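Listing of upload_33.cif, mmCIF, C-alpha atoms and all ligand atoms
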```
data_data
loop_
_atom_site.label_atom_id
_atom_site.label_comp_id
_atom_site.auth_asym_id
_atom_site.auth_seq_id
_atom_site.Cartn_x
_atom_site.Cartn_y
_atom_site.Cartn_z
CA MET Z 1 21.70 6.80 6.80
CA ASP Z 2 20.84 6.04 3.19
CA GLY Z 3 22.67 3.41 1.16
CA ALA Z 4 24.82 5.76 -0.88
CA ARG Z 5 25.96 7.61 2.21
CA ALA Z 6 26.49 4.34 4.04
CA ALA Z 7 28.59 3.11 1.15
CA SER Z 8 30.73 6.22 0.99
CA ARG Z 9 31.14 6.25 4.76
CA LEU Z 10 32.20 2.60 4.60
CA ARG Z 11 34.75 3.44 1.94
CA VAL Z 12 36.16 6.14 4.20
CA VAL Z 13 36.32 3.81 7.20
CA LEU Z 14 37.94 1.00 5.24
CA GLY Z 15 40.29 3.51 3.67
CA HIS Z 16 41.37 4.67 7.12
CA LEU Z 17 42.01 1.08 8.03
CA GLY Z 18 44.32 0.88 5.04
CA CYS Z 19 42.16 -1.71 3.33
CA PRO Z 20 43.23 -1.79 -0.32
CA SER Z 21 40.01 -3.37 -1.58
CA ALA Z 22 37.69 -0.80 -0.04
CA GLY Z 23 36.32 0.20 -3.44
CA ALA Z 24 35.94 -3.42 -4.48
CA VAL Z 25 33.37 -4.03 -1.74
CA ILE Z 26 31.00 -1.87 -3.73
CA ALA Z 27 31.98 -2.94 -7.23
CA HIS Z 28 32.37 -6.66 -6.53
CA PRO Z 29 30.25 -7.70 -3.59
CA THR Z 30 31.41 -11.31 -3.80
CA ALA Z 31 35.06 -10.38 -3.39
CA GLY Z 32 37.03 -10.85 -0.19
CA ALA Z 33 35.59 -11.84 3.16
CA VAL Z 34 32.25 -10.08 2.66
CA SER Z 35 29.40 -12.53 2.02
CA SER Z 36 27.33 -11.64 -1.03
CA ALA Z 37 24.09 -12.83 0.59
CA SER Z 38 24.25 -10.47 3.51
CA PHE Z 39 26.22 -7.36 2.70
CA HIS Z 40 25.26 -4.87 0.01
CA PRO Z 41 26.01 -1.31 1.06
CA GLN Z 42 24.90 -0.04 -2.36
CA PHE Z 43 21.27 -0.95 -1.66
CA GLN Z 44 19.03 1.59 -0.03
CA TYR Z 45 15.47 0.29 -0.48
CA THR Z 46 15.99 -3.25 0.87
CA LEU Z 47 17.67 -4.58 3.98
CA ASP Z 48 20.36 -7.21 4.35
CA ASN Z 49 18.85 -10.60 5.04
CA ASN Z 50 18.75 -13.93 3.28
CA VAL Z 51 15.16 -13.91 2.05
CA LEU Z 52 15.46 -12.01 -1.21
CA SER Z 53 17.80 -13.24 -3.92
CA LEU Z 54 20.29 -10.76 -5.31
CA GLU Z 55 18.14 -10.51 -8.46
CA GLN Z 56 15.02 -9.77 -6.43
CA ARG Z 57 16.78 -7.09 -4.41
CA LYS Z 58 18.16 -5.45 -7.53
CA PHE Z 59 14.70 -5.53 -9.09
CA TYR Z 60 13.05 -3.77 -6.12
CA GLU Z 61 15.88 -1.25 -5.84
CA GLU Z 62 15.49 -0.36 -9.53
CA ASN Z 63 11.71 -0.61 -9.92
CA GLY Z 64 10.14 -0.04 -6.48
CA PHE Z 65 8.04 -3.21 -6.55
CA LEU Z 66 8.44 -6.98 -6.49
CA VAL Z 67 5.88 -9.67 -7.37
CA ILE Z 68 6.09 -12.98 -5.49
CA LYS Z 69 4.05 -15.62 -7.27
CA ASN Z 70 1.64 -17.91 -5.42
CA LEU Z 71 2.47 -16.62 -1.93
CA VAL Z 72 -0.92 -16.85 -0.22
CA SER Z 73 -2.83 -20.16 -0.25
CA ASP Z 74 -6.22 -20.70 -1.87
CA ALA Z 75 -7.54 -21.82 1.51
CA ASP Z 76 -6.60 -18.51 3.14
CA ILE Z 77 -8.06 -16.52 0.26
CA GLU Z 78 -11.30 -18.46 0.59
CA ARG Z 79 -11.43 -17.52 4.27
CA PHE Z 80 -10.85 -13.82 3.47
CA ARG Z 81 -13.59 -13.94 0.84
CA ASN Z 82 -16.07 -15.50 3.27
CA GLU Z 83 -15.27 -13.01 6.00
CA PHE Z 84 -15.58 -10.08 3.59
CA GLU Z 85 -19.07 -11.29 2.70
CA ARG Z 86 -19.98 -11.48 6.40
CA LEU Z 87 -18.73 -7.93 6.91
CA CYS Z 88 -20.71 -6.67 3.93
CA ARG Z 89 -23.88 -8.27 5.26
CA GLN Z 90 -22.99 -6.62 8.59
CA GLU Z 91 -23.22 -9.90 10.47
CA VAL Z 92 -20.17 -8.66 12.34
CA LYS Z 93 -19.19 -5.04 12.95
CA PRO Z 94 -15.57 -4.80 14.04
CA ALA Z 95 -14.59 -1.47 15.60
CA GLY Z 96 -13.07 1.03 13.17
CA LEU Z 97 -14.19 -0.78 10.00
CA MET Z 98 -15.22 1.45 7.09
CA LEU Z 99 -17.38 0.08 4.32
CA MET Z 100 -17.16 2.12 1.16
CA LYS Z 101 -19.58 2.26 -1.78
CA ASP Z 102 -18.81 3.53 -5.25
CA VAL Z 103 -19.48 7.26 -5.70
CA THR Z 104 -22.23 6.45 -8.26
CA ILE Z 105 -24.29 4.71 -5.54
CA ALA Z 106 -22.99 6.47 -2.42
CA LYS Z 107 -26.23 8.39 -1.88
CA THR Z 108 -28.55 5.42 -2.40
CA ASP Z 109 -29.68 3.29 0.51
CA LEU Z 110 -29.08 -0.11 -1.08
CA ALA Z 111 -28.67 -2.71 1.64
CA PRO Z 112 -25.00 -3.44 2.16
CA SER Z 113 -23.89 -6.59 0.35
CA GLU Z 114 -20.83 -7.80 -1.50
CA ARG Z 115 -22.30 -6.27 -4.66
CA VAL Z 116 -22.57 -2.81 -3.10
CA ILE Z 117 -19.43 -2.49 -0.98
CA THR Z 118 -16.35 -1.56 -3.02
CA LYS Z 119 -13.84 -1.47 -0.21
CA ALA Z 120 -13.60 -2.65 3.39
CA GLN Z 121 -11.00 -0.53 5.07
CA ASP Z 122 -9.41 -0.67 8.53
CA PHE Z 123 -10.19 -4.27 9.41
CA GLN Z 124 -7.54 -4.36 12.15
CA GLU Z 125 -10.14 -5.46 14.71
CA ASP Z 126 -11.48 -8.29 12.53
CA GLU Z 127 -9.54 -11.34 13.62
CA GLU Z 128 -10.25 -13.37 10.49
CA LEU Z 129 -9.24 -10.71 7.92
CA PHE Z 130 -6.38 -9.42 10.05
CA ARG Z 131 -4.82 -12.90 9.79
CA TYR Z 132 -3.63 -11.66 6.39
CA CYS Z 133 -1.34 -9.15 8.13
CA THR Z 134 0.17 -11.84 10.34
CA LEU Z 135 0.77 -14.58 7.75
CA PRO Z 136 4.40 -15.71 8.17
CA GLU Z 137 4.85 -15.91 4.39
CA ILE Z 138 3.87 -12.23 4.08
CA LEU Z 139 5.88 -11.01 7.09
CA LYS Z 140 8.98 -12.84 5.90
CA TYR Z 141 9.07 -10.54 2.86
CA VAL Z 142 7.87 -7.44 4.70
CA GLU Z 143 10.85 -7.72 7.03
CA CYS Z 144 13.18 -7.23 4.05
CA PHE Z 145 11.89 -3.66 3.85
CA THR Z 146 10.89 -2.75 7.40
CA GLY Z 147 13.30 -4.72 9.56
CA PRO Z 148 12.17 -6.79 12.57
CA ASN Z 149 9.79 -4.37 14.34
CA ILE Z 150 6.69 -4.43 12.16
CA MET Z 151 3.45 -2.46 12.40
CA ALA Z 152 0.40 -3.15 10.23
CA MET Z 153 -0.73 0.44 9.63
CA HIS Z 154 -3.44 0.27 7.03
CA THR Z 155 -5.66 -2.58 5.87
CA MET Z 156 -8.00 -2.84 2.89
CA LEU Z 157 -9.98 -5.43 0.99
CA ILE Z 158 -10.70 -3.88 -2.38
CA ASN Z 159 -13.75 -5.15 -4.25
CA LYS Z 160 -13.50 -3.22 -7.52
CA PRO Z 161 -17.03 -3.20 -8.97
CA PRO Z 162 -18.05 -3.63 -12.61
CA ASP Z 163 -17.79 -0.12 -14.04
CA SER Z 164 -21.16 1.58 -14.50
CA GLY Z 165 -19.91 3.35 -17.62
CA LYS Z 166 -18.82 6.46 -15.71
CA LYS Z 167 -15.27 5.11 -15.17
CA THR Z 168 -15.53 5.64 -11.43
CA SER Z 169 -14.08 2.19 -10.79
CA ARG Z 170 -10.66 3.58 -11.72
CA HIS Z 171 -8.18 4.54 -9.06
CA PRO Z 172 -6.14 7.55 -10.22
CA LEU Z 173 -2.37 7.38 -10.27
CA HIS Z 174 -1.06 8.18 -6.81
CA GLN Z 175 1.63 7.57 -4.20
CA ASP Z 176 0.40 5.97 -0.98
CA LEU Z 177 2.82 8.10 1.07
CA HIS Z 178 0.44 11.02 0.46
CA TYR Z 179 -1.81 9.46 3.14
CA PHE Z 180 0.93 8.65 5.67
CA PRO Z 181 2.35 11.03 8.29
CA PHE Z 182 5.28 8.77 9.15
CA ARG Z 183 8.79 8.34 7.84
CA PRO Z 184 11.24 7.24 6.60
CA SER Z 185 9.46 6.14 3.45
CA ASN Z 186 11.96 3.35 2.75
CA SER Z 187 10.77 1.59 5.93
CA ILE Z 188 7.18 1.39 4.63
CA VAL Z 189 5.91 -1.26 2.23
CA CYS Z 190 2.55 -2.32 0.85
CA ALA Z 191 1.65 -5.98 0.39
CA TRP Z 192 -1.17 -6.44 -2.13
CA THR Z 193 -2.47 -9.93 -2.87
CA ALA Z 194 -4.67 -10.84 -5.83
CA MET Z 195 -7.68 -12.87 -4.64
CA GLU Z 196 -8.38 -14.08 -8.20
CA HIS Z 197 -6.90 -13.71 -11.68
CA ILE Z 198 -6.46 -9.98 -12.31
CA ASP Z 199 -5.56 -8.39 -15.62
CA ARG Z 200 -6.36 -5.31 -17.62
CA ASN Z 201 -9.98 -6.40 -18.15
CA ASN Z 202 -10.95 -6.31 -14.50
CA GLY Z 203 -8.66 -3.42 -13.54
CA CYS Z 204 -5.23 -4.62 -12.53
CA LEU Z 205 -2.67 -2.53 -10.71
CA VAL Z 206 -0.74 -0.23 -12.99
CA VAL Z 207 2.70 0.89 -11.85
CA LEU Z 208 5.26 3.41 -13.08
CA PRO Z 209 8.53 1.55 -12.45
CA GLY Z 210 11.33 3.51 -10.81
CA THR Z 211 9.14 6.36 -9.59
CA HIS Z 212 9.89 5.38 -5.96
CA LYS Z 213 13.22 7.17 -6.48
CA GLY Z 214 11.41 10.50 -6.82
CA THR Z 215 9.79 12.67 -4.18
CA LEU Z 216 6.24 12.90 -2.86
CA LYS Z 217 4.18 14.85 -5.40
CA PRO Z 218 1.16 17.07 -4.69
CA HIS Z 219 -2.13 15.16 -4.93
CA ASP Z 220 -5.69 16.32 -5.50
CA TYR Z 221 -8.96 15.08 -7.00
CA PRO Z 222 -8.66 14.38 -10.72
CA GLN Z 223 -11.03 16.30 -13.00
CA TRP Z 224 -12.99 13.25 -14.12
CA GLU Z 225 -16.36 13.85 -15.79
CA GLY Z 226 -18.08 10.80 -14.31
CA GLY Z 227 -17.03 11.58 -10.73
CA VAL Z 228 -14.30 10.45 -8.35
CA ASN Z 229 -14.52 8.44 -5.14
CA ILE Z 230 -14.00 10.24 -1.88
CA MET Z 231 -10.32 10.53 -0.96
CA PHE Z 232 -9.14 9.06 -4.26
CA HIS Z 233 -6.59 11.79 -4.79
CA GLY Z 234 -4.31 11.56 -7.81
CA ILE Z 235 -1.09 13.12 -9.02
CA GLN Z 236 -1.83 16.05 -11.26
CA ASP Z 237 1.42 16.18 -13.21
CA TYR Z 238 3.27 12.93 -13.64
CA ASP Z 239 5.61 12.23 -16.52
CA GLU Z 240 3.36 10.86 -19.29
CA ASN Z 241 6.44 9.30 -20.91
CA ASN Z 242 7.19 7.13 -17.90
CA ALA Z 243 6.62 3.48 -18.80
CA ARG Z 244 3.34 2.05 -17.47
CA VAL Z 245 3.39 -1.57 -16.44
CA HIS Z 246 0.13 -3.50 -16.02
CA LEU Z 247 0.60 -6.18 -13.36
CA VAL Z 248 -1.22 -9.32 -14.44
CA MET Z 249 -1.52 -11.51 -11.37
CA GLU Z 250 -2.96 -14.89 -10.43
CA LYS Z 251 -4.83 -15.76 -7.25
CA GLY Z 252 -2.37 -15.68 -4.34
CA ASP Z 253 0.31 -13.68 -6.16
CA THR Z 254 1.52 -10.79 -4.02
CA VAL Z 255 3.18 -7.55 -4.97
CA PHE Z 256 5.29 -5.65 -2.45
CA PHE Z 257 5.71 -1.99 -3.33
CA HIS Z 258 7.30 1.21 -2.07
CA PRO Z 259 4.99 4.01 -0.83
CA LEU Z 260 6.46 6.49 -3.33
CA LEU Z 261 5.83 4.20 -6.32
CA ILE Z 262 3.26 5.86 -8.57
CA HIS Z 263 0.41 3.41 -9.18
CA GLY Z 264 -3.31 3.19 -9.80
CA SER Z 265 -5.81 0.83 -11.34
CA GLY Z 266 -7.92 0.93 -14.48
CA GLN Z 267 -11.64 0.38 -14.85
CA ASN Z 268 -13.26 -3.00 -14.37
CA ARG Z 269 -14.82 -3.93 -17.71
CA THR Z 270 -16.09 -7.31 -16.50
CA GLN Z 271 -19.24 -8.18 -14.59
CA GLY Z 272 -17.27 -9.62 -11.67
CA PHE Z 273 -16.14 -7.80 -8.53
CA ARG Z 274 -12.33 -7.82 -8.69
CA LYS Z 275 -10.89 -8.60 -5.28
CA ALA Z 276 -7.54 -7.90 -3.67
CA ILE Z 277 -6.46 -7.75 -0.03
CA SER Z 278 -3.69 -5.47 1.15
CA CYS Z 279 -1.83 -4.09 4.10
CA HIS Z 280 0.64 -1.24 4.46
CA PHE Z 281 3.37 -2.18 6.88
CA ALA Z 282 5.88 0.15 8.49
CA SER Z 283 8.85 -0.26 10.75
CA ALA Z 284 7.80 0.49 14.34
CA ASN Z 285 11.00 2.55 14.42
CA CYS Z 286 9.44 5.07 12.01
CA HIS Z 287 8.44 8.41 13.51
CA TYR Z 288 5.41 10.60 12.98
CA ILE Z 289 5.77 13.92 11.21
CA ASP Z 290 3.58 17.01 11.23
CA VAL Z 291 2.15 17.46 7.73
CA LYS Z 292 0.93 21.04 8.31
CA GLY Z 293 2.32 23.31 5.63
CA THR Z 294 3.10 20.38 3.30
CA SER Z 295 1.30 18.97 0.25
CA GLN Z 296 -0.30 16.40 2.59
CA GLU Z 297 -2.28 19.06 4.44
CA ASN Z 298 -5.26 18.62 2.10
CA ILE Z 299 -5.70 14.93 2.91
CA GLU Z 300 -5.15 15.58 6.62
CA ASN Z 301 -7.97 18.14 6.62
CA GLU Z 302 -10.24 15.77 4.74
CA ILE Z 303 -9.58 12.77 6.99
CA VAL Z 304 -9.80 14.78 10.20
CA SER Z 305 -13.11 16.41 9.27
CA LEU Z 306 -14.52 13.01 8.32
CA ALA Z 307 -13.40 11.58 11.68
CA GLU Z 308 -15.11 14.51 13.40
CA LYS Z 309 -18.29 13.93 11.43
CA LEU Z 310 -18.44 10.13 11.69
CA TYR Z 311 -17.08 9.63 15.19
CA GLY Z 312 -17.69 12.99 16.82
CA VAL Z 313 -14.04 13.30 17.78
CA LYS Z 314 -13.07 16.71 19.13
CA ASP Z 315 -10.93 19.50 17.72
CA GLY Z 316 -7.19 19.16 17.86
CA VAL Z 317 -7.10 15.68 16.32
CA SER Z 318 -4.38 15.31 13.72
CA LEU Z 319 -3.54 12.77 11.04
CA LYS Z 320 -1.02 11.13 13.33
CA ASP Z 321 -3.71 10.46 15.99
CA VAL Z 322 -5.79 8.68 13.36
CA TRP Z 323 -2.84 6.51 12.34
CA ARG Z 324 -1.74 5.81 15.91
CA PHE Z 325 -5.23 4.49 16.52
CA ARG Z 326 -5.21 2.27 13.40
CA GLY Z 327 -1.73 0.77 13.72
CA ARG Z 328 -1.20 -2.70 15.22
CA LEU Z 329 2.08 -4.39 16.08
CA VAL Z 330 2.52 -7.69 14.22
CA LYS Z 331 6.14 -8.50 15.06
CA GLY Z 332 8.89 -7.28 17.42
CA GLN Z 333 8.42 -4.17 19.54
CA ARG Z 334 6.17 -1.13 19.19
CA VAL Z 335 8.95 1.44 19.35
CA ASN Z 336 7.54 4.74 18.05
CA LEU Z 337 4.46 4.32 15.89
C1 LIG Z 401 -2.96 4.40 0.87
C2 LIG Z 401 -4.43 4.40 0.94
C3 LIG Z 401 -4.92 5.15 2.16
C4 LIG Z 401 -5.02 4.93 -0.31
C5 LIG Z 401 -6.49 4.93 -0.24
O1 LIG Z 401 -7.08 4.11 0.33
S1 LIG Z 401 -7.28 6.14 -1.10
C6 LIG Z 401 -8.97 5.96 -0.67
C7 LIG Z 401 -9.18 6.19 0.72
N1 LIG Z 401 -10.54 6.20 0.90
C8 LIG Z 401 -10.98 6.33 2.08
O2 LIG Z 401 -10.23 6.48 3.01
C9 LIG Z 401 -12.43 6.28 2.23
C10 LIG Z 401 -12.70 5.84 3.59
N2 LIG Z 401 -14.08 5.62 3.72
C11 LIG Z 401 -14.81 6.36 4.44
O3 LIG Z 401 -14.36 7.30 5.02
C12 LIG Z 401 -16.25 5.97 4.58
O4 LIG Z 401 -16.42 4.70 4.10
C13 LIG Z 401 -17.18 6.94 3.82
C14 LIG Z 401 -16.83 7.00 2.35
C15 LIG Z 401 -17.10 8.31 4.40
C16 LIG Z 401 -18.58 6.42 3.98
O5 LIG Z 401 -18.88 6.37 5.35
P1 LIG Z 401 -20.36 6.13 5.85
O6 LIG Z 401 -20.28 5.89 7.29
O7 LIG Z 401 -20.99 5.10 5.01
O8 LIG Z 401 -21.01 7.54 5.69
P2 LIG Z 401 -22.04 8.09 4.62
O9 LIG Z 401 -22.61 7.01 3.76
O10 LIG Z 401 -22.94 8.96 5.39
O11 LIG Z 401 -21.13 9.02 3.71
C17 LIG Z 401 -20.58 10.19 4.18
C18 LIG Z 401 -20.54 11.18 3.03
O12 LIG Z 401 -19.59 10.71 2.05
C19 LIG Z 401 -20.23 10.54 0.79
N3 LIG Z 401 -19.66 9.39 0.13
C20 LIG Z 401 -19.74 8.12 0.55
N4 LIG Z 401 -19.09 7.32 -0.28
C21 LIG Z 401 -18.56 8.12 -1.23
C22 LIG Z 401 -17.77 7.89 -2.38
N5 LIG Z 401 -17.38 6.68 -2.72
N6 LIG Z 401 -17.39 8.95 -3.11
C23 LIG Z 401 -17.79 10.19 -2.80
N7 LIG Z 401 -18.54 10.47 -1.73
C24 LIG Z 401 -18.92 9.44 -0.97
C25 LIG Z 401 -21.70 10.34 1.13
O13 LIG Z 401 -22.50 10.65 0.05
C26 LIG Z 401 -21.86 11.30 2.27
O14 LIG Z 401 -21.93 12.60 1.77
P3 LIG Z 401 -22.91 13.69 2.39
O15 LIG Z 401 -24.26 13.04 2.45
O16 LIG Z 401 -22.34 14.01 3.74
O17 LIG Z 401 -22.83 14.82 1.44
N1 LIG Z 402 -6.29 10.22 -18.87
C1 LIG Z 402 -5.79 9.81 -17.71
N2 LIG Z 402 -5.21 10.68 -16.87
C2 LIG Z 402 -4.73 10.28 -15.70
N3 LIG Z 402 -4.75 9.02 -15.27
C3 LIG Z 402 -5.32 8.13 -16.05
C4 LIG Z 402 -5.87 8.46 -17.31
N4 LIG Z 402 -6.37 7.34 -17.86
C5 LIG Z 402 -6.15 6.36 -16.98
N5 LIG Z 402 -5.53 6.84 -15.90
C6 LIG Z 402 -5.11 6.08 -14.73
O1 LIG Z 402 -4.05 5.26 -15.14
C7 LIG Z 402 -4.14 4.00 -14.52
C8 LIG Z 402 -4.20 2.89 -15.51
O2 LIG Z 402 -5.15 3.12 -16.48
P1 LIG Z 402 -4.98 2.51 -17.90
O3 LIG Z 402 -5.94 3.22 -18.78
O4 LIG Z 402 -3.54 2.41 -18.26
O5 LIG Z 402 -5.40 1.03 -17.62
P2 LIG Z 402 -6.69 0.31 -17.95
O6 LIG Z 402 -7.86 1.24 -17.90
O7 LIG Z 402 -6.69 -0.86 -17.05
O8 LIG Z 402 -6.48 -0.20 -19.40
P3 LIG Z 402 -6.89 0.45 -20.81
O9 LIG Z 402 -5.72 1.23 -21.26
O10 LIG Z 402 -7.21 -0.73 -21.64
O11 LIG Z 402 -8.03 1.38 -20.56
C9 LIG Z 402 -5.33 4.09 -13.62
O12 LIG Z 402 -4.84 4.50 -12.37
C10 LIG Z 402 -6.18 5.16 -14.25
O13 LIG Z 402 -7.01 5.74 -13.29
O1 LIG Z 403 -7.21 -0.86 -7.16
C1 LIG Z 403 -6.50 -1.28 -6.27
O2 LIG Z 403 -6.65 -2.40 -5.79
C2 LIG Z 403 -5.40 -0.41 -5.70
C3 LIG Z 403 -5.92 0.63 -4.81
C4 LIG Z 403 -4.85 1.49 -4.24
O3 LIG Z 403 -3.82 1.69 -4.81
C5 LIG Z 403 -5.09 2.10 -2.94
O4 LIG Z 403 -6.20 1.95 -2.39
O5 LIG Z 403 -4.18 2.76 -2.43
FE FE Z 404 -2.47 2.93 -3.54
MG MG Z 405 -7.69 3.17 -19.74
#
```
Show me this structure written as structure tokens.
Amino acid sequence: MDGARAASRLRVVLGHLGCPSAGAVIAHPTAGAVSSASFHPQFQYTLDNNVLSLEQRKFYEENGFLVIKNLVSDADIERFRNEFERLCRQEVKPAGLMLMKDVTIAKTDLAPSERVITKAQDFQEDEELFRYCTLPEILKYVECFTGPNIMAMHTMLINKPPDSGKKTSRHPLHQDLHYFPFRPSNSIVCAWTAMEHIDRNNGCLVVLPGTHKGTLKPHDYPQWEGGVNIMFHGIQDYDENNARVHLVMEKGDTVFFHPLLIHGSGQNRTQGFRKAISCHFASANCHYIDVKGTSQENIENEIVSLAEKLYGVKDGVSLKDVWRFRGRLVKGQRVNL
């Protein structure tokens, strides 16, 4: 049940009980016997617990994202950086890991190194990097969105390269839900941690606040002259008047955001490789959906044919099989996913 319906149902129930202040529960959460810290039926994107302040909850409800400063330690980030370098040099090859190169060098046979790999994806079998998805300081916040049964569904270390001049280091504006065949969307959250100072010069995250309240939009490849990275689908028609917020973040700062929030990242105009580590978490109580006949069918076809090509998997595989294989339980019980 969503928050608005829960609130109106609560009003009905309290009304039946002859409670005169039924409306006041919504208008004045501090009134009466209801504790303000734990009971907010008007909220629909965050859960009742004592981790987020009222201000933080209101911010996420309104905007669809929340930045927590200095959440991950320098020592942990150093470990992630070292392990990423080992993966790039292919000193270790965890099962399922995908190493991506920028489209401008995809067809070259440069030896893999941290100056060639732009993204390490699906590191769920790499114990050292997967520590990120189990950090108590991360999970404490994740639980505010997913509840207690938590799956790490999708992992990435993004190493945005210096732009070659073709602007291929950009990530077009998109909604992550486009890639996910599970619902409900409010029980999914991305944690994205800056591994260094990130601003507009090296291609920070750009978000369109409040867009998490909308629906999933059709995505496809943008018509960019210089080329687009494989699977970097973007929204074709978003509201150009929607405010754009550039998230300037320091090392260790972490943004939690809703999978419908429209976001992307600009080009990296520096000579450094801009690093961030992220995980999409979902409640294990979410359920898989069939995306056939929906706007997500294009990404399903693309991912499934890639899986067939790279891993020789047989016909009849669907997007949900790919995600079932990637997902790992990090807290509570693996209920559905
Ligand atoms: C919420 C979240 C999911 C949002 C996102 O993450 S959006 C971006 C998602 N991106 C992905 O999922 C990419 C996942 N990565 C991969 O699948 C792999 O790393 C690959 C890109 C396929 C590379 O795999 P690899 O084993 O190295 O295979 P190959 O080097 O033989 O490449 C296979 C064919 O793909 C091409 N390719 C590789 N990298 C890129 C690129 N950056 N842009 C465009 N095309 C690319 C490559 O040229 C090759 O093409 P063909 O020779 O088959 O024509
Ligand atoms: N013309 C465009 N059409 C669609 N998306 C765009 C366009 N230009 C940029 N974007 C996308 O918008 C997001 C942010 O880009 P934006 O240009 O605001 O930031 P930037 O490149 O970091 O900074 P600057 O404005 O200084 O270039 C990225 O996801 C980028 O891919
Ligand atoms: O540039 C980034 O780090 C963000 C990438 C992103 O949004 C994604 O991979 O889904
Ligand atoms: Fe994204
Ligand atoms: Mg720009």
Pairwise distance, atom O12 of ligand LIG 402 (chain Z) with CA of Tyr60 (chain Z), equals 20.7 Å
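Residues lying within 6 Å of region 254-261 of chain Z, counting only C-alpha atoms and ignoring same-chain neighbours fewer than 3 positions away, are Gly64, Phe65, Leu66, Val67, Ile68, Gln175, Asp176, Leu177, Val189, Cys190, Ala191, Trp192, Thr193, Thr211 and His212 of chain Z.
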Show me which residues are within 9 Å of ligand LIG 403 (chain Z) counting only C-alpha atoms and all ligand atoms, and format the list as an NGL selection string. :Z and (119 or 156-160 or 169-176 or 192 or 194 or 203-206 or 232 or 263-267 or 274-278)
For the interface of chain Z with ligand LIG 401 (chain Z) (cut-off 9 Å, counting only C-alpha atoms and all ligand atoms), please tabulate each contacting residue of chain Z alongside its nearest pair of atoms and their separation in Å to one decimal, rows sorted by chain and increasing number, as a Markdown table.
```
| residue | atom | partner | partner_atom | distance |
| --- | --- | --- | --- | --- |
| Z:Leu97 | CA | Z:LIG401 | O4 | 8.4 |
| Z:Met98 | CA | Z:LIG401 | O4 | 4.6 |
| Z:Leu99 | CA | Z:LIG401 | O4 | 4.7 |
| Z:Met100 | CA | Z:LIG401 | O4 | 4.0 |
| Z:Lys101 | CA | Z:LIG401 | N5 | 5.0 |
| Z:Asp102 | CA | Z:LIG401 | N5 | 4.3 |
| Z:Val103 | CA | Z:LIG401 | N5 | 3.7 |
| Z:Thr104 | CA | Z:LIG401 | N5 | 7.4 |
| Z:Ile105 | CA | Z:LIG401 | N5 | 7.7 |
| Z:Ala106 | CA | Z:LIG401 | N4 | 4.5 |
| Z:Lys107 | CA | Z:LIG401 | O13 | 4.8 |
| Z:Thr108 | CA | Z:LIG401 | O13 | 8.4 |
| Z:Asp109 | CA | Z:LIG401 | O9 | 8.6 |
| Z:Thr118 | CA | Z:LIG401 | N5 | 8.3 |
| Z:Lys119 | CA | Z:LIG401 | O4 | 8.0 |
| Z:Ala120 | CA | Z:LIG401 | O4 | 7.9 |
| Z:Gln121 | CA | Z:LIG401 | C10 | 6.8 |
| Z:Asp122 | CA | Z:LIG401 | C10 | 8.8 |
| Z:His154 | CA | Z:LIG401 | C3 | 7.1 |
| Z:Thr155 | CA | Z:LIG401 | C3 | 8.6 |
| Z:Met156 | CA | Z:LIG401 | O1 | 7.5 |
| Z:Thr168 | CA | Z:LIG401 | N5 | 9.0 |
| Z:His171 | CA | Z:LIG401 | S1 | 8.2 |
| Z:His174 | CA | Z:LIG401 | C4 | 8.3 |
| Z:Gln175 | CA | Z:LIG401 | C1 | 7.5 |
| Z:Asp176 | CA | Z:LIG401 | C1 | 4.1 |
| Z:Leu177 | CA | Z:LIG401 | C1 | 6.9 |
| Z:His178 | CA | Z:LIG401 | C1 | 7.5 |
| Z:Tyr179 | CA | Z:LIG401 | C3 | 5.4 |
| Z:Phe180 | CA | Z:LIG401 | C1 | 7.5 |
| Z:Cys190 | CA | Z:LIG401 | C1 | 8.7 |
| Z:Gly227 | CA | Z:LIG401 | N6 | 8.1 |
| Z:Val228 | CA | Z:LIG401 | N6 | 6.3 |
| Z:Asn229 | CA | Z:LIG401 | N6 | 3.6 |
| Z:Ile230 | CA | Z:LIG401 | N6 | 3.8 |
| Z:Met231 | CA | Z:LIG401 | N1 | 4.7 |
| Z:Phe232 | CA | Z:LIG401 | S1 | 4.7 |
| Z:His233 | CA | Z:LIG401 | S1 | 6.8 |
| Z:Pro259 | CA | Z:LIG401 | C1 | 8.1 |
| Z:His280 | CA | Z:LIG401 | C1 | 7.6 |
| Z:Ile303 | CA | Z:LIG401 | O2 | 7.5 |
| Z:Leu306 | CA | Z:LIG401 | O3 | 6.6 |
| Z:Ala307 | CA | Z:LIG401 | O3 | 8.0 |
| Z:Lys309 | CA | Z:LIG401 | C17 | 8.5 |
| Z:Leu310 | CA | Z:LIG401 | O6 | 6.4 |
```
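Each of Z:Phe130, Z:Trp323, Z:Phe273, Z:Tyr238 was checked against ligand LIG 402 (chain Z) using all atoms listed in the file; the smallest atom-to-atom distance is that of Z:Tyr238.
If all atoms listed in the file are the atoms counted, then among Z:Leu337, Z:Ile235, Z:Cys286, Z:Cys279 the closest residue to ligand LIG 402 (chain Z) is Z:Ile235.
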